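S.K.: Take a look at this one; I'll ask things after.
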Amino acid sequence: MTGQKKDTVFVPVDSVESLEMRLKEIQEAQKTYSTFTQEQVDEIFYAAAKAANHHRLKLAKDAVAETGMGVMEDKVIKNHFASEYIYNTYKNEKTCGVIEDNQSDGYRVIANPVGVVSAIIPTTNPTSTVIFKALLALKTRNGLMISPHPRAKECTIEAGRIILEAAVEAGAPENIIGWIDKPKLELTNTLMRESDLILATGGPGMVRSAYSSGTPAVGVGAGNVPAILSENCDVLQAVNSIIHSKTFDNGMICASEQSIIVPDSIYDEVKAEFIKRSCYFLKDDEIEKVRKIIIINGALNASIVGQPASKIAELAGITVPETTKILIGEVESVDISEEFAHEKLSPVLAMYRSHSWLESLEKAEQMIEDGGLGHSSSLYLDELNEQDKLEEAEKYLKTARILVNSPSSQGGIGDIYNFRLAPSLTLGCGSWGGNSVSENVGVKHLLNTKTIAARRENMLWFRAPEKTYFKPGSLRIAMQELVGPMAKRKAFIVTDKFLYDNGYTKKIEEELTAANASYTVFSEIQPDPTLASAEAGAARMREFEPDMIIAVGGGSPMDAAKIMWLLYEHPELDFLDLAMRFMDIRKRVVGFPTLGEKAYFVAVPTTAGTGSEVTPFAVITDERDGIKYPLADYELMPDMAIVDSDLMLNQPPGLTQASGIDVVAHALEAYASIMATDFTDGLALQALKLAFKYLPECYESAVSGVANPHARERMAYASALAGMAFANAFLGVMHSCAHKLGGATGLTHGICNALMMEQVLRFNANPAPPKMGTFPQYEYPHTMERYADIADVIGVEGDTTEEKFEGLLKAVRDLHAKIGIKDSIKEYYPDEKAFLAKVDDMSEQAFDDQCTGANPRYPLVSEIKQMYLNAYYGKRESV
């Protein structure tokens, strides 16, 4: 859409005259906006961040489709980072009026906007850069005029339009953001001259033009990042970090590594590790062929930028495996005449041999001097015992960022792998790189600074219900505490019709009656509960005004009750905002409000399956579009869990089968998660040990009709233990796929997990996956070893990790057979044509599911689709 408001027609900006007219409109809007209060600005900033986050997937797809560069799934992360991390960092920062007032020292600081900011947008990051710059402009009460790259104009304008509409709806002036509809050099130069500040991101020529325009400019220099390895570094971490960084968006991040300098003593080990991880070392004649396509006519060849390694090899006339991650040229010269010594913006690396730390620094220094002054450098060393080497590097390397033991792409942009660097997509290079700032752009500085950013792991947590009662008969004791010492007087019981009609709430009602406590029962919960049913229950709660909510049943009543609890205490909330995905639960754009101020939440499971009684998760279906939304926040954690296996003795075979295999899925994914810890590992392993032993016994009992109290009790504990594990370690792509498979086919959630289980185990076990999960604690792929741990615990024999893994797969298949689970989706859903028509949408939705982020292997949409197809036809193949 040209212009800025749906019901108004604007003249397209395609000439100097129309540009000047639009700039005047933005200037007038900015004058109005400059009078806004901090509260008004923060509402607009929030709305814009939320809108950008909601559209992160669409904008990523648009960018790849239009530019033909990069990886869509990685651009999703960029868009997510640009909205979530920028919002989280600046949401509480004062940017209006008096921002600091110290009466005792006698000073105060007042903030004023600069005016109209021109945003020069690169083709490499056309949507995430718009999100980043627009959010900064809105937070600081500036107007923004966007200059897209000609090869990325449609997606760039779409990103600007989404943010503008959200900002205006939140109260911003109508013309606060604009853009050039038909970009050309004349218009960009005019914009730079006539704006008040330039935020320039692009090639060196564009940045030089910005600084020579006569307008104050914040621009960035070229990146030519060397990665220097110490002989005492963790080779496994170093190699995998470099691969993780260099393959991100096919190497288009300016902070990505361009060369690796390796000591002679570990050179062969490093090379072997790269080869093991599917990187390709070019032969001598192949190096020469690749040289010819890196630099053409003295400039980087645009045809290789953001392309996969296999395509670059094809352009050079050489053949490499399709799965090749990076092309590596072993070269000697670090002079500018060596093509491999340049910034390459693609998965192509130079690798140098060094005989000393000093020689490594000298090689890095020359490459930085010739093309990466002020940007970033990367070190891999023993941080504790090699401080002398780090101090030497500080003296030698003229870079604003020295990243220690971190993937430089993700480390350089800040806040993911370190604490000190501000999150930013514009990385200043200081006077070394001809820039006005030497930090990650966000705060202006006149001094060059040097920041040493060492890799750090985030604080982790373990959270469980305030109280957990267990053992047969514990329900009555827990209820007596609720109505006795805790003095709860009004109970709202949530369950389903079957459980209510068959007396599962009877003991609860008896205790409430004996204590003269009042209660009401909401028994209208269906399998796969809908948002509508949760809203209906919340309305009843508001009428009854309970001081405790008691959810009785399997996952459906407990999940629905959690949403009712949320809507009861906070009816003003927007469900879709709460369902928004997050990368880090502590940094989400939309936070959950505090719960428990009106009602105490009690969860009483009647199945051994979901573990919802001890988790902060709830899965709800929006009946309007049929999409299942997994909500996650620790405010949804029940206050009390009552795990009384007497309530589980009469589960029918189908329920025993589906809920029991869900326990196995929970524990498998929690143990493999990138967020697994020592606190969750023991719980997950014990849950698996119990489930593999006692689930078949429970199923046999259900089929025969002969009760087995001991087996039911152990499965009840397995369910709660697995729930506690994944409540803190989170889940993975098995559940992502199961959520969408269930929504598309109507199959129960546990069966969906079972049908995807072997596919996901094989997928995650790849020792050199194309992409690994992003979390500081997760240093390198090691899921095969984790699966071998599980094999040991459940009694699978094997001499090697691989043998144990194959044994685990067989144990899973045997367990499925014992409890009557079929081998393929097709056996449950034979309409092949209907399934194939849905699989693309399912794959994309599964990729965007909240559970995907904690998976140890970061999946591509195409890989998820292949797993779905393999599972449909019962193929036991690795993706």
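Following the order of the structure tokens, first chain is A, next is B, and so on, with residues numbered from 1 inside each chain and ligands from 1 in the order they appear.
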Quick one: residues within 8 Å of A:Leu187, only C-alpha atoms, excluding same-chain residues fewer than 3 positions away - as JSON, numbers by chain?

M.R.: {"A": [14, 15, 16, 19, 180, 183, 184, 190, 191]}

S.K.: Can you write out the residues you just picked, keeping all heavy atoms, as a tab-separated table (two decimals), in the first residue's frame?

M.R.:
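The resulting file, result-v5.tsv, is reproduced below:
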chain	number	residue	atom	x	y	z
A	14	ASP	N	8.06	9.16	-5.56
A	14	ASP	CA	8.83	8.64	-6.68
A	14	ASP	C	9.60	9.74	-7.40
A	14	ASP	O	10.14	9.54	-8.48
A	14	ASP	CB	7.93	7.90	-7.66
A	14	ASP	CG	6.78	8.77	-8.17
A	14	ASP	OD1	6.74	9.97	-7.82
A	14	ASP	OD2	5.93	8.24	-8.89
A	15	SER	N	9.61	10.96	-6.81
A	15	SER	CA	10.33	12.07	-7.40
A	15	SER	C	10.82	12.98	-6.28
A	15	SER	O	10.37	12.86	-5.12
A	15	SER	CB	9.40	12.87	-8.33
A	15	SER	OG	8.35	13.47	-7.58
A	16	VAL	N	11.72	13.88	-6.61
A	16	VAL	CA	12.22	14.81	-5.61
A	16	VAL	C	11.08	15.64	-5.04
A	16	VAL	O	11.00	15.88	-3.83
A	16	VAL	CB	13.33	15.71	-6.21
A	16	VAL	CG1	13.71	16.81	-5.23
A	16	VAL	CG2	14.55	14.88	-6.59
A	19	LEU	N	9.01	13.59	-2.68
A	19	LEU	CA	9.79	13.31	-1.47
A	19	LEU	C	9.77	14.52	-0.54
A	19	LEU	O	9.56	14.39	0.67
A	19	LEU	CB	11.23	12.94	-1.84
A	19	LEU	CG	12.22	12.81	-0.68
A	19	LEU	CD1	11.78	11.74	0.30
A	19	LEU	CD2	13.62	12.52	-1.20
A	180	ILE	N	10.17	5.88	0.65
A	180	ILE	CA	10.30	6.13	-0.78
A	180	ILE	C	9.70	4.93	-1.50
A	180	ILE	O	10.12	3.79	-1.29
A	180	ILE	CB	11.78	6.32	-1.18
A	180	ILE	CG1	12.33	7.58	-0.51
A	180	ILE	CG2	11.93	6.40	-2.69
A	180	ILE	CD1	13.83	7.77	-0.71
A	183	PRO	N	12.60	3.61	-5.07
A	183	PRO	CA	13.93	4.07	-4.67
A	183	PRO	C	14.88	4.25	-5.86
A	183	PRO	O	14.90	3.46	-6.79
A	183	PRO	CB	14.41	2.96	-3.74
A	183	PRO	CG	13.58	1.77	-4.06
A	183	PRO	CD	12.27	2.28	-4.53
A	184	LYS	N	15.65	5.32	-5.79
A	184	LYS	CA	16.73	5.57	-6.72
A	184	LYS	C	17.73	6.49	-6.04
A	184	LYS	O	17.41	7.17	-5.05
A	184	LYS	CB	16.22	6.15	-8.03
A	184	LYS	CG	15.23	7.28	-7.92
A	184	LYS	CD	14.60	7.60	-9.28
A	184	LYS	CE	13.47	8.62	-9.16
A	184	LYS	NZ	12.82	8.87	-10.46
A	190	THR	N	18.91	13.07	-1.80
A	190	THR	CA	18.08	14.20	-1.35
A	190	THR	C	17.60	13.98	0.08
A	190	THR	O	17.63	14.90	0.91
A	190	THR	CB	16.87	14.37	-2.29
A	190	THR	OG1	17.33	14.59	-3.62
A	190	THR	CG2	16.00	15.54	-1.84
A	191	LEU	N	17.15	12.78	0.36
A	191	LEU	CA	16.68	12.46	1.70
A	191	LEU	C	17.78	12.67	2.73
A	191	LEU	O	17.55	13.27	3.79
A	191	LEU	CB	16.18	11.00	1.74
A	191	LEU	CG	15.85	10.43	3.13
A	191	LEU	CD1	14.72	11.24	3.77
A	191	LEU	CD2	15.46	8.96	3.01

S.K.: Neighbours of A:Lys292 within 10 Å (only C-alpha atoms; same-chain residues fewer than 3 positions away dropped), as a PyMOL selection string?

M.R.: chain A and resi 287-289+295-296+301+316+339

S.K.: Of the residues A:Lys506, A:Lys497, A:Ala227, A:Leu482, which is the one nearest to A:Glu365, using only C-alpha atoms?

M.R.: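 Among A:Lys506, A:Lys497, A:Ala227, A:Leu482, it is A:Ala227 that comes nearest to A:Glu365.
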
S.K.: From a DSSP calculation on the backbone, collect every residue of stretch 66-206 of chain A in strand (DSSP E or B) and output the set as a ChimeraX atom specification.

M.R.: /A:97-102,107-111,116-120,143-147,177-179,197-200

S.K.: Got time to write the residues from that selection, C-alpha atoms, as a PDB file, in the first residue's frame?

M.R.:
ATOM      1  CA  GLY A  97      11.839  15.324  29.044  1.00  0.00           C
ATOM      2  CA  VAL A  98      13.785  14.960  32.292  1.00  0.00           C
ATOM      3  CA  ILE A  99      15.438  11.571  32.181  1.00  0.00           C
ATOM      4  CA  GLU A 100      17.790  12.031  35.130  1.00  0.00           C
ATOM      5  CA  ASP A 101      17.374  14.314  38.132  1.00  0.00           C
ATOM      6  CA  ASN A 102      19.901  14.360  40.959  1.00  0.00           C
ATOM      7  CA  TYR A 107      22.109  18.316  37.919  1.00  0.00           C
ATOM      8  CA  ARG A 108      19.450  16.942  35.652  1.00  0.00           C
ATOM      9  CA  VAL A 109      19.406  15.603  32.118  1.00  0.00           C
ATOM     10  CA  ILE A 110      16.743  16.464  29.572  1.00  0.00           C
ATOM     11  CA  ALA A 111      16.090  14.437  26.401  1.00  0.00           C
ATOM     12  CA  VAL A 116      13.354  13.500  11.123  1.00  0.00           C
ATOM     13  CA  VAL A 117      15.620  10.458  10.812  1.00  0.00           C
ATOM     14  CA  SER A 118      16.411   8.980   7.418  1.00  0.00           C
ATOM     15  CA  ALA A 119      16.735   5.201   7.531  1.00  0.00           C
ATOM     16  CA  ILE A 120      18.876   3.670   4.790  1.00  0.00           C
ATOM     17  CA  GLY A 143       9.951  11.003  12.610  1.00  0.00           C
ATOM     18  CA  LEU A 144      11.306   8.372  10.210  1.00  0.00           C
ATOM     19  CA  MET A 145      11.689   8.329   6.423  1.00  0.00           C
ATOM     20  CA  ILE A 146      12.698   4.976   4.980  1.00  0.00           C
ATOM     21  CA  SER A 147      14.882   4.543   1.903  1.00  0.00           C
ATOM     22  CA  ILE A 177       6.734   7.278   9.307  1.00  0.00           C
ATOM     23  CA  GLY A 178       7.107   7.431   5.541  1.00  0.00           C
ATOM     24  CA  TRP A 179       9.059   5.740   2.750  1.00  0.00           C
ATOM     25  CA  LEU A 197      19.987  12.520  11.246  1.00  0.00           C
ATOM     26  CA  ILE A 198      20.943   9.577   9.050  1.00  0.00           C
ATOM     27  CA  LEU A 199      20.855   5.978  10.274  1.00  0.00           C
ATOM     28  CA  ALA A 200      22.879   4.373   7.475  1.00  0.00           C
TER      29      ALA A 200
END

S.K.: Rank nothing, just name the residue among A:Ala599, A:Val733, A:Leu358, A:Ile131 nearest to A:Gly773, using only C-alpha atoms.

M.R.: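 Closest to A:Gly773 of all the choices is A:Val733.
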
S.K.: Considering only C-alpha atoms, return as an mmCIF file with N, CA and C atoms, in the first residue's frame whatever protein or nucleic-acid residues lie within 6 Å of stretch 765-770 of chain A, sequence-local ones (same chain, fewer than 3 positions apart) excluded.

M.R.:
data_model
loop_
_atom_site.group_PDB
_atom_site.id
_atom_site.type_symbol
_atom_site.label_atom_id
_atom_site.label_comp_id
_atom_site.auth_asym_id
_atom_site.auth_seq_id
_atom_site.Cartn_x
_atom_site.Cartn_y
_atom_site.Cartn_z
ATOM 1 N N ARG A 277 31.412 -31.787 10.556
ATOM 2 C CA ARG A 277 30.182 -31.002 10.618
ATOM 3 C C ARG A 277 29.719 -30.543 9.227
ATOM 4 N N ARG A 762 15.266 -39.345 15.422
ATOM 5 C CA ARG A 762 16.266 -39.445 14.353
ATOM 6 C C ARG A 762 16.738 -38.048 13.922
ATOM 7 N N THR A 783 22.912 -34.357 21.094
ATOM 8 C CA THR A 783 21.672 -35.041 21.440
ATOM 9 C C THR A 783 21.799 -36.554 21.323
ATOM 10 N N MET A 784 22.617 -37.024 20.404
ATOM 11 C CA MET A 784 22.836 -38.477 20.315
ATOM 12 C C MET A 784 23.319 -39.020 21.656
#

S.K.: Find the residues around stretch 785-789 of chain A up to 6 Å (only C-alpha atoms counted), leave out those fewer than 5 positions away in its own chain, and share them as a PyMOL selection string.

M.R.: chain A and resi 801+804-805

S.K.: Which is closest to A:Tyr778 among A:Lys139, A:Arg857, A:His80, A:Lys133, if we use only C-alpha atoms?

M.R.: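 Under the stated criterion, the closest residue is A:Arg857.
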